[in-house]
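Undergrad: Just start.pdb, nothing more (PDB, C-alpha atoms):
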ATOM      1  CA  MET A 289      57.391  56.155 -10.396
ATOM      2  CA  GLN A 290      55.403  55.159 -13.459
ATOM      3  CA  GLN A 291      58.436  55.655 -15.669
ATOM      4  CA  ARG A 292      60.461  53.258 -13.482
ATOM      5  CA  LEU A 293      57.653  50.730 -13.666
ATOM      6  CA  GLU A 294      57.521  51.014 -17.469
ATOM      7  CA  GLU A 295      61.302  50.623 -17.683
ATOM      8  CA  LYS A 296      61.161  47.549 -15.478
ATOM      9  CA  ILE A 297      58.398  46.022 -17.603
ATOM     10  CA  LEU A 298      60.307  46.712 -20.816
ATOM     11  CA  GLN A 299      63.478  45.270 -19.317
ATOM     12  CA  THR A 300      61.641  42.122 -18.237
ATOM     13  CA  MET A 301      59.978  41.771 -21.633
ATOM     14  CA  SER A 302      63.259  42.151 -23.499
ATOM     15  CA  SER A 303      65.011  39.559 -21.346
ATOM     16  CA  ASP A 304      62.079  37.136 -21.801
ATOM     17  CA  THR A 305      62.123  37.497 -25.584
ATOM     18  CA  ASP A 306      65.878  36.917 -25.685
ATOM     19  CA  VAL A 307      65.412  33.598 -23.934
ATOM     20  CA  SER A 308      62.399  32.511 -25.961
ATOM     21  CA  LEU A 309      63.914  33.540 -29.310
ATOM     22  CA  SER A 310      66.929  31.316 -28.747
ATOM     23  CA  SER A 311      64.748  28.251 -29.400
ATOM     24  CA  TYR A 312      63.905  29.613 -32.868
ATOM     25  CA  ASP A 313      67.575  29.489 -33.862
ATOM     26  CA  GLU A 314      67.347  25.687 -33.876
ATOM     27  CA  GLY A 315      66.758  24.031 -37.248
ATOM     28  CA  GLN A 316      63.979  21.539 -37.909
ATOM     29  CA  GLY A 317      66.352  18.585 -38.213
ATOM     30  CA  SER A 318      68.157  19.306 -34.971
ATOM     31  CA  LYS A 319      64.859  19.967 -33.192
ATOM     32  CA  LEU A 320      63.504  16.594 -34.393
ATOM     33  CA  ILE A 321      66.665  14.835 -33.186
ATOM     34  CA  ARG A 322      66.478  16.578 -29.802
ATOM     35  CA  LYS A 323      62.804  15.671 -29.372
ATOM     36  CA  ALA A 324      63.525  12.054 -30.409
ATOM     37  CA  ARG A 325      66.204  11.840 -27.711
ATOM     38  CA  GLU A 326      63.804  13.212 -25.101
ATOM     39  CA  ALA A 327      60.996  10.805 -26.056
ATOM     40  CA  PRO A 328      62.446   7.960 -28.156
ATOM     41  CA  PHE A 329      59.201   5.998 -28.444
ATOM     42  CA  VAL A 330      57.366   8.752 -30.348
ATOM     43  CA  PRO A 331      59.305   8.261 -33.602
ATOM     44  CA  ILE A 332      59.113   4.479 -33.080
ATOM     45  CA  GLY A 333      55.313   4.752 -32.787
ATOM     46  CA  MET A 334      55.116   6.932 -35.872
ATOM     47  CA  ALA A 335      57.312   4.558 -37.900
ATOM     48  CA  GLY A 336      55.302   1.540 -36.755
ATOM     49  CA  PHE A 337      52.056   3.262 -37.657
ATOM     50  CA  ALA A 338      53.385   4.072 -41.130
ATOM     51  CA  ALA A 339      54.675   0.508 -41.579
ATOM     52  CA  ILE A 340      51.340  -1.053 -40.633
ATOM     53  CA  VAL A 341      49.457   1.305 -42.952
ATOM     54  CA  ALA A 342      51.873   0.506 -45.801
ATOM     55  CA  TYR A 343      51.509  -3.235 -45.142
ATOM     56  CA  GLY A 344      47.724  -2.886 -45.107
ATOM     57  CA  LEU A 345      47.752  -1.057 -48.437
ATOM     58  CA  TYR A 346      50.067  -3.695 -49.893
ATOM     59  CA  LYS A 347      47.795  -6.517 -48.721
ATOM     60  CA  LEU A 348      44.679  -4.706 -49.902
ATOM     61  CA  LYS A 349      44.738  -6.318 -53.332
ATOM     62  CA  SER A 350      45.217  -9.851 -51.954
ATOM     63  CA  ARG A 351      42.635  -9.748 -49.182
ATOM     64  CA  GLY A 352      40.595 -12.575 -50.715
ATOM     65  CA  ASN A 353      36.861 -12.459 -50.123
ATOM     66  CA  THR A 354      37.174 -10.235 -47.026
ATOM     67  CA  LYS A 355      35.098  -7.086 -47.264
ATOM     68  CA  MET A 356      36.956  -3.839 -47.751
ATOM     69  CA  SER A 357      35.470  -2.286 -44.612
ATOM     70  CA  VAL A 358      36.534  -5.237 -42.441
ATOM     71  CA  HIS A 359      40.062  -5.114 -43.862
ATOM     72  CA  LEU A 360      40.334  -1.380 -43.203
ATOM     73  CA  ILE A 361      39.008  -1.750 -39.648
ATOM     74  CA  HIS A 362      41.576  -4.468 -38.924
ATOM     75  CA  MET A 363      44.391  -2.290 -40.239
ATOM     76  CA  ARG A 364      43.176   0.701 -38.244
ATOM     77  CA  VAL A 365      43.002  -1.348 -35.043
ATOM     78  CA  ALA A 366      46.482  -2.770 -35.648
ATOM     79  CA  ALA A 367      47.975   0.682 -36.295
ATOM     80  CA  GLN A 368      46.270   2.221 -33.271
ATOM     81  CA  GLY A 369      47.353  -0.708 -31.115
ATOM     82  CA  PHE A 370      50.952  -0.207 -32.147
ATOM     83  CA  VAL A 371      50.814   3.505 -31.347
ATOM     84  CA  VAL A 372      49.167   2.908 -27.953
ATOM     85  CA  GLY A 373      51.778   0.262 -27.175
ATOM     86  CA  ALA A 374      54.599   2.629 -28.093
ATOM     87  CA  MET A 375      53.054   5.367 -25.928
ATOM     88  CA  THR A 376      52.741   2.953 -22.999
ATOM     89  CA  LEU A 377      56.357   1.850 -23.351
ATOM     90  CA  GLY A 378      57.413   5.492 -23.622
ATOM     91  CA  MET A 379      55.588   6.392 -20.424
ATOM     92  CA  GLY A 380      57.158   3.435 -18.641
ATOM     93  CA  TYR A 381      60.580   4.448 -19.928
ATOM     94  CA  SER A 382      60.182   8.055 -18.797
ATOM     95  CA  MET A 383      58.883   6.944 -15.379
ATOM     96  CA  TYR A 384      61.882   4.628 -15.026
ATOM     97  CA  GLN A 385      64.270   7.453 -15.904
ATOM     98  CA  GLU A 386      62.609   9.913 -13.536
ATOM     99  CA  PHE A 387      62.031   7.719 -10.487
ATOM    100  CA  TRP A 388      64.420   4.754 -10.520
ATOM    101  CA  ALA A 389      67.409   5.597 -12.716
ATOM    102  CA  LYS A 390      67.786   9.089 -11.250
ATOM    103  CA  PRO A 391      70.502   9.255  -8.589
ATOM    104  CA  LYS A 392      69.156  10.015  -5.148
ATOM    105  CA  PRO A 393      70.386  13.294  -3.619
TER     106      PRO A 393
END
Before we go any further, please render this structure as structure tokens.
TA:
Amino acid sequence: MQQRLEEKILQTMSSDTDVSLSSYDEGQGSKLIRKAREAPFVPIGMAGFAAIVAYGLYKLKSRGNTKMSVHLIHMRVAAQGFVVGAMTLGMGYSMYQEFWAKPKP
């Protein structure tokens, strides 16, 4: 009885690892592309964040008489606002796909 139970556990474990190991065969580039297709607003949010940070660093030398801390706070708020906006649009997009664009059975 115990031997059958052990065999069953080993069989279940081996079938589970076969399924879970198949995801490791995927390369980083193809995994990034697959994730971007599932949630397209995540890479848009990341790119926007990077663009706002780059713009803020570029404008850092020509900020005039604005204090450094105020300039950095404005850039942080702008970058965070862009990311939150992209997340909100992404949630709206996924809700649209799940509830309205999905064909009714």
Undergrad: Mind checking which residues fall within 12 Å of range 315-332 of chain A, counting only C-alpha atoms, ignoring those fewer than 4 positions away in the same chain, and posting them as a ChimeraX atom specification?
TA: /A:310-311,336-339,370-383,385
Undergrad: One decimal, Å: what's the distance from CA of Lys349 in chain A over to CA of Ala367 in chain A, could you say?
TA: 18.7 Å
Undergrad: Would you kindly return, as a list in words, each protein, DNA or RNA residue with an atom no farther than 12 Å from any atom of range 358-360 of chain A, considering only C-alpha atoms and excluding same-chain residues fewer than 3 positions away?
TA: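 Counting only the stated atoms, we get Ile340, Val341, Ala342, Tyr343, Gly344, Leu345, Tyr346, Lys347, Leu348, Lys349, Ser350, Arg351, Gly352, Asn353, Thr354, Lys355, Met363, Arg364, Val365, Ala366 and Ala367 of chain A.
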Undergrad: Specify the axis-aligned box that encloses all atoms of range 374-387 of chain A listed in the file after padding of 3 Å on each side, stating its centre and edge lengths in Å to one decimal as AutoDock Vina command-line options.
TA:
--center_x 58.5 --center_y 5.9 --center_z -19.3 --size_x 17.5 --size_y 14.1 --size_z 23.6
